[in-house]
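The structure appears below as structure tokens.
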Amino acid sequence: MLTTRPRGTNDLLPKEIEKWHYLESILRQVAALYGYQEIRTPIFEHTELFQRGVGESTDIVEKEMYTFLDRGERSLTLRPEATASTVRAFLEHKLYAGSLPLKFYYVGPMFRYDRPQAGRYRQFHQFGVEAFGSQDPGLDAEVIAMAMDIYERLGLHDLVVELNSVGCPHCRQAHRQVLQEYLKEKVTALCVTCQGRFAKNPLRILDCKNAHCRKLVAEAPTIEQMLCEECRDHFQLVQEYLQELQVPYTLNPSLVRGLDYYTKTAFEIVAQGIGAQSSIGGGGRYDDLIEECGGPAMPGIGYAMGLERILLTLEEQGVVLPTQAKTQIFLAALGEEAQKIGAGLAQELRKAGVIVERDYLGRSLKAQLKAANRLQTAITVILGEEELAKGAAVVRKMQEGRQKVVPLPELVAYLVRENKGGDMDE
RNA sequence: GUGGUUGUGGCGAAGCGGUUAACGCACCGGAUUGUGGCUCCGGCACUCGUGGGUUCAAGUCCCAUCAGCCACCCCA
């Protein structure tokens with residue numbers, strides 16, 4: 001136990017961390033392009049925030065939260081998502097008093113007590129955006145376009161945008177009634193979970209993966225048919241904007257997001273080939289959430305994407321991400337005196353912007369050259385007693401296997417020059 | 001929460017009841033008393049996820065437990 005990580009968590013080792021750095025740099029870059037500013041909220045919040053914000057009857061709140069009492073007997077919860085926190089911060093700091101709309105983005109770990117599987121972890125990372133204060137359908141479309149923009153910049157392809165409108169409380173209520181009416185005689189034929197959903201959340205039945213349920217529900221009234229005029233217009237305009245922004249999408253009338261706060265637009269971005277957990281991003285509009293959390297009546301929209309799943313998809317699609325610069329020069333020193341001079345040289349070179357590595361184990365020349373070879377440095381500098389006696393060092397070009405003696409006073413300048421030359425070759 | 005599957009050195013992987021737990025890669029050292037990448041030689045698991053049990057004898061059989069992977073569910 002001492003040396004095993006908690007279930008569903010991951011260590012990001014140096015080998016893979018470069019991908020994360022690159023991914024995050026793209027995220028921040030695109031966020032800036034679209035005018036979103038970063039917000040960092042606590043990793044844990046009062047449990048109540050998620051109960052109210054995400055919704056009591058959601059799976060997240062019912063069975064997936066990491067909830068604990070702190071030493072002051074406060075019930076706290078590790079954030080399962082970040083929309084509630086962003087709304088909370090927005091309200092707590094009364095940011096609604098300033099100019100609107102306000103656009104935030106966040107990147108960070110989220111926690112959900114799920115059974116781990118491909119693309120699903122108990123601690124996972126999300127990037128997301130939230131825009132408060134506008135009900136413009138053009139913003140809905142832009143937010144979707146932004147998500148796609150990110151995926152495309154990363155090099156992902158063959159993604160599908162699934163779009164739906166879940167309506168507002170009015171049309172949802174109407175749809176619910178019609179749906180229950182329709183399903184009334186079929187309830188007993190549904191699967192066990194769906195029988196449970198019938199009274200509680202009949203909408204979810206439309207989303208059931210059970211083949212039998214799907215058949216029974218195929219002809220059921222969709223929310224789209226029941227949208228009120230306002231919601232219908234909004235949905236129509238979102239689609240027109242999407243066409244304008246050249247974002248292909250498919251309508252999925254059974255797309256029901258598992259968070260209670262969504263209204264009108266709901267969307268999901270799906271990738272192939274990464275297993276059953278194929279949604280790499282999703283979001284929607286939440287026009288009642290801010291008020292629900294005790295703020296002014298104000299619309300909002302946002303999405304979140306799962307960073308692990310994006311990385312999985314990148315790997316699946318064979319996309320190679322740029323990696324960090326490699327070591328340029330290895331400094332091999334032999335003996336105490338040479339080690340000291342070597343340390344000084346390394347420092348001078350680093351200050352001149354050269355990536356230098358050296359030996360810290362007092363290894364043999366052979367072992368040091370082997371290390372240099374492993375690092376694939378273009379140049380290895382050999383500082384030994386013979387060279388020191390002459391006030392010089394051996395500069396060995398690893399690829400050609402040729403080397404020459406360079407006087408110490410000229411060494412740094414020589415290496416900096418050689419290193420630049422090497423860069424130009426690449 | 002349910003089901004399937006796996007768990008042997010840093011990694012990959014043999015062994016499937018019986019003397020010292022193959023092999024490959026990686027790593028370390030040597031052949032070259034100061035020169036890498038190739039080659040050759042040598043070294044590297046009192047131990048088989050953990051805990052019980054069966055047996056004269058268990059990495060090998062049984063049970064439990066933990067963990068990985070995958071699926072359901074749900075979602076990022």
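Note on naming: chains are A, B, ... as they come in the structure tokens, residues start from 1 per chain, ligands start from 1 in the order shown.
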Please tabulate, as CSV, the residues of chain A that come within 8 Å of chain B, each with its closest pair of atoms and the distance in Å to one decimal, counting only C-alpha atoms (C1' of nucleotides) and ordering rows by chain, then residue number upward.
```
residue,atom,partner,partner_atom,distance
A:Arg7,CA,B:A67,C1',7.7
A:Asp59,CA,B:C74,C1',6.8
A:Gln117,CA,B:C70,C1',6.7
A:Ala118,CA,B:C70,C1',7.2
A:Phe124,CA,B:A76,C1',7.9
A:His125,CA,B:A76,C1',7.8
A:Gln126,CA,B:A76,C1',6.6
A:Gly258,CA,B:C75,C1',7.5
A:Ala276,CA,B:A71,C1',7.9
A:Gln277,CA,B:C75,C1',7.6
A:Ser279,CA,B:A76,C1',6.8
A:Ile280,CA,B:A76,C1',5.9
A:Gly281,CA,B:A76,C1',5.9
A:Gly282,CA,B:A76,C1',7.5
A:Ala304,CA,B:A76,C1',6.8
A:Met305,CA,B:A76,C1',5.3
A:Gly306,CA,B:A76,C1',3.9
A:Leu307,CA,B:A76,C1',7.5
A:Arg309,CA,B:A76,C1',7.2
A:Leu365,CA,B:G34,C1',6.1
A:Lys366,CA,B:U35,C1',5.9
A:Leu369,CA,B:G36,C1',4.7
A:Lys370,CA,B:G36,C1',4.6
A:Ala371,CA,B:G36,C1',7.8
A:Ala372,CA,B:G36,C1',7.2
A:Asn373,CA,B:G36,C1',5.4
A:Gly384,CA,B:G34,C1',7.6
A:Met398,CA,B:G36,C1',7.7
```
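When DSSP is run on the backbone, the residues of region 219-338 of chain A that fall into strand (DSSP E) are Thr250, Leu251, Thr263, Lys264, Thr265, Ala266, Phe267, Glu268, Ile269, Val270, Ser279, Ile280, Gly281, Gly282, Gly283, Gly284, Arg285, Gly300, Ile301, Gly302, Tyr303, Ala304, Met305, Gly306, Ile329, Phe330, Leu331, Ala332 and Ala333 of chain A.
Close contacts of region 237-244 of chain A, defined as residues with an atom at most 6 Å away when counting only C-alpha atoms (C1' of nucleotides), with chain neighbours fewer than 6 positions off set aside, comprise A:Pro137, A:Gly138, A:Ala141.
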Expected file: the selected residues, N, CA, C and O atoms, as a PDB file, in the first residue's frame:
```pdb
ATOM      1  N   PRO A 137     -27.443  32.885 -29.075  1.00  0.00           N
ATOM      2  CA  PRO A 137     -27.191  31.553 -29.653  1.00  0.00           C
ATOM      3  C   PRO A 137     -25.870  31.508 -30.417  1.00  0.00           C
ATOM      4  O   PRO A 137     -25.273  30.441 -30.577  1.00  0.00           O
ATOM      5  N   GLY A 138     -25.408  32.662 -30.843  1.00  0.00           N
ATOM      6  CA  GLY A 138     -24.123  32.726 -31.518  1.00  0.00           C
ATOM      7  C   GLY A 138     -22.981  32.336 -30.594  1.00  0.00           C
ATOM      8  O   GLY A 138     -21.970  31.793 -31.021  1.00  0.00           O
ATOM      9  N   ALA A 141     -22.798  28.534 -30.380  1.00  0.00           N
ATOM     10  CA  ALA A 141     -22.093  27.988 -31.545  1.00  0.00           C
ATOM     11  C   ALA A 141     -20.597  28.251 -31.425  1.00  0.00           C
ATOM     12  O   ALA A 141     -19.780  27.392 -31.735  1.00  0.00           O
TER      13      ALA A 141
END
```
(request) Name the residues in contact with Arg40 (chain A) at a cut-off of 12 Å, using only C-alpha atoms (C1' of nucleotides), excluding same-chain residues fewer than 3 positions from it; report them as an MDAnalysis selection string. (result) chainID A and resid 37 43:44 82:83 85:90 104:109 127:129
If you run DSSP over the backbone, which residues in region 46-172 of chain A end up helix (DSSP H, G or I)? Put them as a compact mmCIF listing (two decimals) with N, CA and C atoms, in the first residue's frame.
```txt
# COMPACT_ATOMS: atom_id res chain seq x y z
N THR A 47 -19.78 20.85 0.39
CA THR A 47 -20.55 19.80 -0.27
C THR A 47 -21.85 20.33 -0.87
N GLU A 48 -22.46 21.22 -0.13
CA GLU A 48 -23.74 21.80 -0.54
C GLU A 48 -23.69 22.43 -1.93
N LEU A 49 -22.56 23.02 -2.27
CA LEU A 49 -22.44 23.69 -3.57
C LEU A 49 -22.73 22.70 -4.70
N PHE A 50 -22.15 21.52 -4.60
CA PHE A 50 -22.34 20.55 -5.68
C PHE A 50 -23.73 19.93 -5.61
N GLN A 51 -24.23 19.75 -4.40
CA GLN A 51 -25.58 19.19 -4.28
C GLN A 51 -26.58 20.10 -4.97
N ARG A 52 -26.45 21.38 -4.69
CA ARG A 52 -27.37 22.34 -5.30
C ARG A 52 -27.03 22.60 -6.75
N GLY A 53 -25.75 22.78 -7.02
CA GLY A 53 -25.33 23.17 -8.35
C GLY A 53 -25.45 22.06 -9.38
N VAL A 54 -24.86 20.94 -9.09
CA VAL A 54 -24.86 19.83 -10.05
C VAL A 54 -26.22 19.14 -10.06
N ASP A 59 -26.06 11.26 -10.93
CA ASP A 59 -25.16 10.19 -10.50
C ASP A 59 -23.98 10.76 -9.75
N ILE A 60 -23.49 11.90 -10.24
CA ILE A 60 -22.32 12.52 -9.62
C ILE A 60 -22.57 12.76 -8.14
N VAL A 61 -23.69 13.37 -7.84
CA VAL A 61 -23.97 13.69 -6.44
C VAL A 61 -24.41 12.46 -5.66
N GLU A 62 -25.16 11.60 -6.31
CA GLU A 62 -25.69 10.45 -5.58
C GLU A 62 -24.62 9.44 -5.19
N LYS A 63 -23.65 9.23 -6.07
CA LYS A 63 -22.71 8.16 -5.73
C LYS A 63 -21.26 8.38 -6.11
N THR A 83 -17.85 23.80 -13.02
CA THR A 83 -18.83 24.84 -13.32
C THR A 83 -19.41 25.45 -12.04
N ALA A 84 -19.78 24.57 -11.10
CA ALA A 84 -20.36 25.06 -9.85
C ALA A 84 -19.39 25.98 -9.13
N SER A 85 -18.13 25.60 -9.10
CA SER A 85 -17.12 26.42 -8.42
C SER A 85 -16.96 27.77 -9.10
N THR A 86 -16.96 27.76 -10.43
CA THR A 86 -16.79 29.00 -11.17
C THR A 86 -17.97 29.94 -10.90
N VAL A 87 -19.15 29.37 -10.90
CA VAL A 87 -20.34 30.17 -10.59
C VAL A 87 -20.23 30.72 -9.17
N ARG A 88 -19.83 29.88 -8.24
CA ARG A 88 -19.70 30.30 -6.85
C ARG A 88 -18.73 31.47 -6.71
N ALA A 89 -17.57 31.36 -7.37
CA ALA A 89 -16.58 32.43 -7.28
C ALA A 89 -17.12 33.71 -7.91
N PHE A 90 -17.79 33.53 -9.02
CA PHE A 90 -18.40 34.66 -9.75
C PHE A 90 -19.37 35.41 -8.84
N LEU A 91 -20.14 34.64 -8.06
CA LEU A 91 -21.11 35.27 -7.16
C LEU A 91 -20.43 35.82 -5.92
N GLU A 92 -19.51 35.03 -5.34
CA GLU A 92 -18.87 35.45 -4.10
C GLU A 92 -18.14 36.77 -4.27
N LEU A 95 -18.81 39.51 -9.24
CA LEU A 95 -18.26 39.91 -10.53
C LEU A 95 -19.35 40.31 -11.52
N TYR A 96 -20.59 39.91 -11.20
CA TYR A 96 -21.71 40.26 -12.07
C TYR A 96 -21.97 41.75 -12.07
N ALA A 97 -21.35 42.44 -11.08
CA ALA A 97 -21.55 43.89 -11.00
C ALA A 97 -20.73 44.61 -12.08
N PRO A 137 -27.44 32.88 -29.07
CA PRO A 137 -27.19 31.55 -29.65
C PRO A 137 -25.87 31.51 -30.42
N GLY A 138 -25.41 32.66 -30.84
CA GLY A 138 -24.12 32.73 -31.52
C GLY A 138 -22.98 32.34 -30.59
N LEU A 139 -23.19 32.60 -29.31
CA LEU A 139 -22.17 32.22 -28.33
C LEU A 139 -22.15 30.70 -28.15
N ASP A 140 -23.33 30.11 -28.17
CA ASP A 140 -23.40 28.64 -28.07
C ASP A 140 -22.57 28.02 -29.19
N ALA A 141 -22.80 28.53 -30.38
CA ALA A 141 -22.09 27.99 -31.54
C ALA A 141 -20.60 28.25 -31.43
N GLU A 142 -20.26 29.43 -30.96
CA GLU A 142 -18.84 29.79 -30.86
C GLU A 142 -18.10 28.91 -29.87
N VAL A 143 -18.79 28.60 -28.79
CA VAL A 143 -18.20 27.77 -27.76
C VAL A 143 -17.91 26.37 -28.33
N ILE A 144 -18.83 25.86 -29.12
CA ILE A 144 -18.62 24.55 -29.76
C ILE A 144 -17.48 24.65 -30.77
N ALA A 145 -17.48 25.73 -31.52
CA ALA A 145 -16.42 25.94 -32.52
C ALA A 145 -15.06 26.04 -31.85
N MET A 146 -15.05 26.66 -30.69
CA MET A 146 -13.79 26.81 -29.96
C MET A 146 -13.26 25.44 -29.53
N ALA A 147 -14.14 24.62 -29.04
CA ALA A 147 -13.72 23.26 -28.64
C ALA A 147 -13.13 22.54 -29.84
N MET A 148 -13.81 22.62 -30.97
CA MET A 148 -13.33 21.95 -32.17
C MET A 148 -12.00 22.54 -32.65
N ASP A 149 -11.88 23.84 -32.47
CA ASP A 149 -10.64 24.53 -32.84
C ASP A 149 -9.47 23.92 -32.06
N ILE A 150 -9.68 23.72 -30.78
CA ILE A 150 -8.64 23.13 -29.94
C ILE A 150 -8.26 21.74 -30.44
N TYR A 151 -9.27 20.92 -30.68
CA TYR A 151 -8.99 19.55 -31.13
C TYR A 151 -8.22 19.56 -32.45
N GLU A 152 -8.64 20.46 -33.33
CA GLU A 152 -7.98 20.50 -34.64
C GLU A 152 -6.53 20.96 -34.52
N ARG A 153 -6.31 21.95 -33.70
CA ARG A 153 -4.92 22.41 -33.51
C ARG A 153 -4.03 21.32 -32.96
N LEU A 154 -4.63 20.47 -32.16
CA LEU A 154 -3.85 19.37 -31.59
C LEU A 154 -3.58 18.28 -32.62
N PRO A 169 -37.14 24.80 -18.48
CA PRO A 169 -38.02 24.07 -17.55
C PRO A 169 -39.45 23.93 -18.06
N HIS A 170 -39.94 24.93 -18.80
CA HIS A 170 -41.32 24.86 -19.28
C HIS A 170 -41.50 23.74 -20.29
N CYS A 171 -40.69 23.77 -21.35
CA CYS A 171 -40.89 22.73 -22.35
C CYS A 171 -40.45 21.37 -21.85
N ARG A 172 -39.53 21.37 -20.91
CA ARG A 172 -39.10 20.08 -20.39
C ARG A 172 -40.23 19.41 -19.60
```
Find the residues near region 10-16 of chain B: any atom within 12 Å, counting only C-alpha atoms (C1' of nucleotides), skip ones fewer than 5 places away on the same chain, and give them as an mmCIF file with N, CA and C atoms (P, O5', C5', C4', C3', O3' and C1' of nucleotides), in the first residue's frame.
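Everything below was put into part-v5.cif:
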```
data_model
loop_
_atom_site.group_PDB
_atom_site.id
_atom_site.type_symbol
_atom_site.label_atom_id
_atom_site.label_comp_id
_atom_site.auth_asym_id
_atom_site.auth_seq_id
_atom_site.Cartn_x
_atom_site.Cartn_y
_atom_site.Cartn_z
ATOM 1 P P A B 21 15.766 -21.040 -7.685
ATOM 2 O "O5'" A B 21 15.840 -20.898 -9.265
ATOM 3 C "C5'" A B 21 15.184 -21.843 -10.095
ATOM 4 C "C4'" A B 21 14.308 -21.138 -11.084
ATOM 5 C "C3'" A B 21 14.942 -19.915 -11.752
ATOM 6 O "O3'" A B 21 15.782 -20.332 -12.801
ATOM 7 C "C1'" A B 21 12.691 -19.451 -11.146
ATOM 8 P P A B 22 16.542 -19.214 -13.668
ATOM 9 O "O5'" A B 22 15.604 -18.886 -14.904
ATOM 10 C "C5'" A B 22 16.146 -18.405 -16.107
ATOM 11 C "C4'" A B 22 15.948 -19.426 -17.188
ATOM 12 C "C3'" A B 22 16.278 -18.892 -18.571
ATOM 13 O "O3'" A B 22 17.666 -19.034 -18.842
ATOM 14 C "C1'" A B 22 14.127 -19.819 -18.602
ATOM 15 P P C B 23 18.551 -17.718 -18.914
ATOM 16 O "O5'" C B 23 18.010 -17.001 -20.227
ATOM 17 C "C5'" C B 23 17.943 -17.724 -21.457
ATOM 18 C "C4'" C B 23 16.915 -17.088 -22.349
ATOM 19 C "C3'" C B 23 17.105 -15.589 -22.575
ATOM 20 O "O3'" C B 23 18.096 -15.331 -23.549
ATOM 21 C "C1'" C B 23 14.842 -16.026 -22.104
ATOM 22 P P G B 24 18.947 -14.005 -23.431
ATOM 23 O "O5'" G B 24 17.960 -12.906 -24.007
ATOM 24 C "C5'" G B 24 17.486 -13.016 -25.356
ATOM 25 C "C4'" G B 24 16.466 -11.946 -25.610
ATOM 26 C "C3'" G B 24 16.890 -10.541 -25.224
ATOM 27 O "O3'" G B 24 17.688 -9.930 -26.214
ATOM 28 C "C1'" G B 24 14.725 -10.946 -24.380
ATOM 29 P P C B 25 18.816 -8.902 -25.752
ATOM 30 O "O5'" C B 25 17.982 -7.618 -25.284
ATOM 31 C "C5'" C B 25 17.188 -6.900 -26.220
ATOM 32 C "C4'" C B 25 16.341 -5.877 -25.492
ATOM 33 C "C3'" C B 25 17.099 -4.868 -24.645
ATOM 34 O "O3'" C B 25 17.637 -3.810 -25.414
ATOM 35 C "C1'" C B 25 15.234 -5.667 -23.436
ATOM 36 P P A B 26 18.993 -3.088 -24.905
ATOM 37 O "O5'" A B 26 18.566 -2.466 -23.501
ATOM 38 C "C5'" A B 26 17.681 -1.343 -23.465
ATOM 39 C "C4'" A B 26 17.361 -1.003 -22.029
ATOM 40 C "C3'" A B 26 18.557 -0.730 -21.136
ATOM 41 O "O3'" A B 26 18.999 0.613 -21.277
ATOM 42 C "C1'" A B 26 17.097 -2.207 -20.029
ATOM 43 P P C B 27 20.538 0.935 -21.125
ATOM 44 O "O5'" C B 27 20.844 0.633 -19.591
ATOM 45 C "C5'" C B 27 20.208 1.413 -18.573
ATOM 46 C "C4'" C B 27 20.535 0.817 -17.227
ATOM 47 C "C3'" C B 27 22.013 0.588 -16.966
ATOM 48 O "O3'" C B 27 22.648 1.774 -16.525
ATOM 49 C "C1'" C B 27 20.821 -1.354 -16.373
ATOM 50 P P C B 44 24.368 -12.491 -10.296
ATOM 51 O "O5'" C B 44 23.311 -11.307 -10.384
ATOM 52 C "C5'" C B 44 23.335 -10.229 -9.434
ATOM 53 C "C4'" C B 44 22.377 -9.158 -9.864
ATOM 54 C "C3'" C B 44 20.954 -9.630 -10.112
ATOM 55 O "O3'" C B 44 20.220 -9.676 -8.890
ATOM 56 C "C1'" C B 44 21.649 -8.258 -11.907
ATOM 57 P P A B 45 19.627 -11.119 -8.347
ATOM 58 O "O5'" A B 45 18.088 -11.032 -8.760
ATOM 59 C "C5'" A B 45 17.220 -10.046 -8.188
ATOM 60 C "C4'" A B 45 15.952 -10.705 -7.745
ATOM 61 C "C3'" A B 45 16.181 -11.965 -6.901
ATOM 62 O "O3'" A B 45 16.480 -11.564 -5.564
ATOM 63 C "C1'" A B 45 14.438 -12.282 -8.506
ATOM 64 P P C B 48 7.002 -14.915 -3.234
ATOM 65 O "O5'" C B 48 6.040 -14.497 -4.436
ATOM 66 C "C5'" C B 48 6.207 -13.268 -5.149
ATOM 67 C "C4'" C B 48 6.057 -13.566 -6.630
ATOM 68 C "C3'" C B 48 4.721 -14.210 -6.984
ATOM 69 O "O3'" C B 48 4.022 -13.228 -7.737
ATOM 70 C "C1'" C B 48 6.591 -15.313 -8.025
ATOM 71 P P A B 58 4.986 -26.266 -0.344
ATOM 72 O "O5'" A B 58 4.761 -26.292 -1.925
ATOM 73 C "C5'" A B 58 5.775 -25.832 -2.842
ATOM 74 C "C4'" A B 58 5.143 -24.818 -3.793
ATOM 75 C "C3'" A B 58 4.583 -23.636 -3.017
ATOM 76 O "O3'" A B 58 5.497 -22.540 -2.947
ATOM 77 C "C1'" A B 58 2.903 -24.621 -4.438
ATOM 78 P P G B 59 6.265 -21.887 -4.230
ATOM 79 O "O5'" G B 59 5.219 -21.025 -5.082
ATOM 80 C "C5'" G B 59 5.321 -19.612 -5.168
ATOM 81 C "C4'" G B 59 4.588 -19.108 -6.376
ATOM 82 C "C3'" G B 59 3.485 -20.020 -6.895
ATOM 83 O "O3'" G B 59 2.279 -19.725 -6.233
ATOM 84 C "C1'" G B 59 4.910 -19.388 -8.688
ATOM 85 P P U B 60 1.010 -20.696 -6.422
ATOM 86 O "O5'" U B 60 0.710 -20.656 -7.957
ATOM 87 C "C5'" U B 60 -0.295 -21.458 -8.557
ATOM 88 C "C4'" U B 60 0.284 -22.277 -9.689
ATOM 89 C "C3'" U B 60 -0.337 -23.666 -9.811
ATOM 90 O "O3'" U B 60 -1.231 -23.649 -10.920
ATOM 91 C "C1'" U B 60 2.049 -23.683 -10.121
ATOM 92 P P C B 61 -2.720 -23.031 -10.727
ATOM 93 O "O5'" C B 61 -3.375 -24.068 -9.701
ATOM 94 C "C5'" C B 61 -3.991 -25.262 -10.169
ATOM 95 C "C4'" C B 61 -4.778 -25.881 -9.039
ATOM 96 C "C3'" C B 61 -5.640 -24.898 -8.255
ATOM 97 O "O3'" C B 61 -6.896 -24.689 -8.908
ATOM 98 C "C1'" C B 61 -4.398 -26.210 -6.740
#
```
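Shell of G52 (chain B) at 12 Å, with only C-alpha atoms (C1' of nucleotides) counted and residues fewer than 3 places along the chain excluded, is B:C62, B:C63, B:A64, B:U65.
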Restricting it to all heavy atoms, dump the selection as a compact mmCIF listing (two decimals), in the first residue's frame.
```txt
# COMPACT_ATOMS: atom_id res chain seq x y z
P C B 62 -7.67 -23.34 -8.69
OP1 C B 62 -8.82 -23.33 -9.61
OP2 C B 62 -6.69 -22.22 -8.73
O5' C B 62 -8.20 -23.47 -7.20
C5' C B 62 -9.20 -24.43 -6.87
C4' C B 62 -9.57 -24.26 -5.41
O4' C B 62 -8.42 -24.55 -4.57
C3' C B 62 -9.95 -22.84 -5.02
O3' C B 62 -11.32 -22.57 -5.32
C2' C B 62 -9.68 -22.85 -3.52
O2' C B 62 -10.72 -23.46 -2.79
C1' C B 62 -8.42 -23.70 -3.44
N1 C B 62 -7.18 -22.89 -3.45
C2 C B 62 -6.80 -22.24 -2.25
O2 C B 62 -7.50 -22.33 -1.26
N3 C B 62 -5.65 -21.51 -2.24
C4 C B 62 -4.90 -21.42 -3.35
N4 C B 62 -3.78 -20.71 -3.28
C5 C B 62 -5.27 -22.07 -4.57
C6 C B 62 -6.41 -22.79 -4.57
P C B 63 -11.75 -21.07 -5.67
OP1 C B 63 -13.16 -21.10 -6.15
OP2 C B 63 -10.71 -20.43 -6.51
O5' C B 63 -11.71 -20.38 -4.24
C5' C B 63 -12.64 -20.77 -3.22
C4' C B 63 -12.32 -20.06 -1.94
O4' C B 63 -10.99 -20.44 -1.49
C3' C B 63 -12.24 -18.55 -2.02
O3' C B 63 -13.53 -17.95 -2.00
C2' C B 63 -11.44 -18.22 -0.78
O2' C B 63 -12.20 -18.28 0.40
C1' C B 63 -10.40 -19.36 -0.77
N1 C B 63 -9.13 -18.97 -1.42
C2 C B 63 -8.23 -18.19 -0.68
O2 C B 63 -8.52 -17.85 0.48
N3 C B 63 -7.04 -17.83 -1.25
C4 C B 63 -6.77 -18.20 -2.49
N4 C B 63 -5.60 -17.82 -3.00
C5 C B 63 -7.68 -18.99 -3.27
C6 C B 63 -8.84 -19.34 -2.70
P A B 64 -13.74 -16.53 -2.73
OP1 A B 64 -15.20 -16.25 -2.72
OP2 A B 64 -13.00 -16.52 -4.02
O5' A B 64 -13.01 -15.53 -1.73
C5' A B 64 -13.52 -15.33 -0.42
C4' A B 64 -12.52 -14.57 0.42
O4' A B 64 -11.26 -15.27 0.41
C3' A B 64 -12.16 -13.18 -0.11
O3' A B 64 -13.11 -12.21 0.27
C2' A B 64 -10.81 -12.95 0.57
O2' A B 64 -10.96 -12.58 1.93
C1' A B 64 -10.18 -14.34 0.49
N9 A B 64 -9.31 -14.50 -0.68
C8 A B 64 -9.56 -15.17 -1.85
N7 A B 64 -8.57 -15.14 -2.71
C5 A B 64 -7.59 -14.38 -2.06
C6 A B 64 -6.30 -13.97 -2.44
N6 A B 64 -5.74 -14.28 -3.61
N1 A B 64 -5.60 -13.22 -1.56
C2 A B 64 -6.17 -12.91 -0.38
N3 A B 64 -7.37 -13.24 0.09
C4 A B 64 -8.05 -13.98 -0.81
P U B 65 -13.36 -10.94 -0.71
OP1 U B 65 -14.48 -10.17 -0.12
OP2 U B 65 -13.44 -11.41 -2.11
O5' U B 65 -12.02 -10.10 -0.53
C5' U B 65 -11.69 -9.54 0.75
C4' U B 65 -10.28 -9.01 0.71
O4' U B 65 -9.36 -10.10 0.42
C3' U B 65 -10.00 -8.00 -0.40
O3' U B 65 -10.39 -6.70 -0.03
C2' U B 65 -8.48 -8.12 -0.54
O2' U B 65 -7.79 -7.44 0.48
C1' U B 65 -8.28 -9.62 -0.37
N1 U B 65 -8.26 -10.34 -1.66
C2 U B 65 -7.07 -10.32 -2.39
O2 U B 65 -6.07 -9.74 -2.01
N3 U B 65 -7.11 -11.01 -3.58
C4 U B 65 -8.18 -11.69 -4.10
O4 U B 65 -8.06 -12.27 -5.19
C5 U B 65 -9.37 -11.65 -3.30
C6 U B 65 -9.37 -11.00 -2.14
```
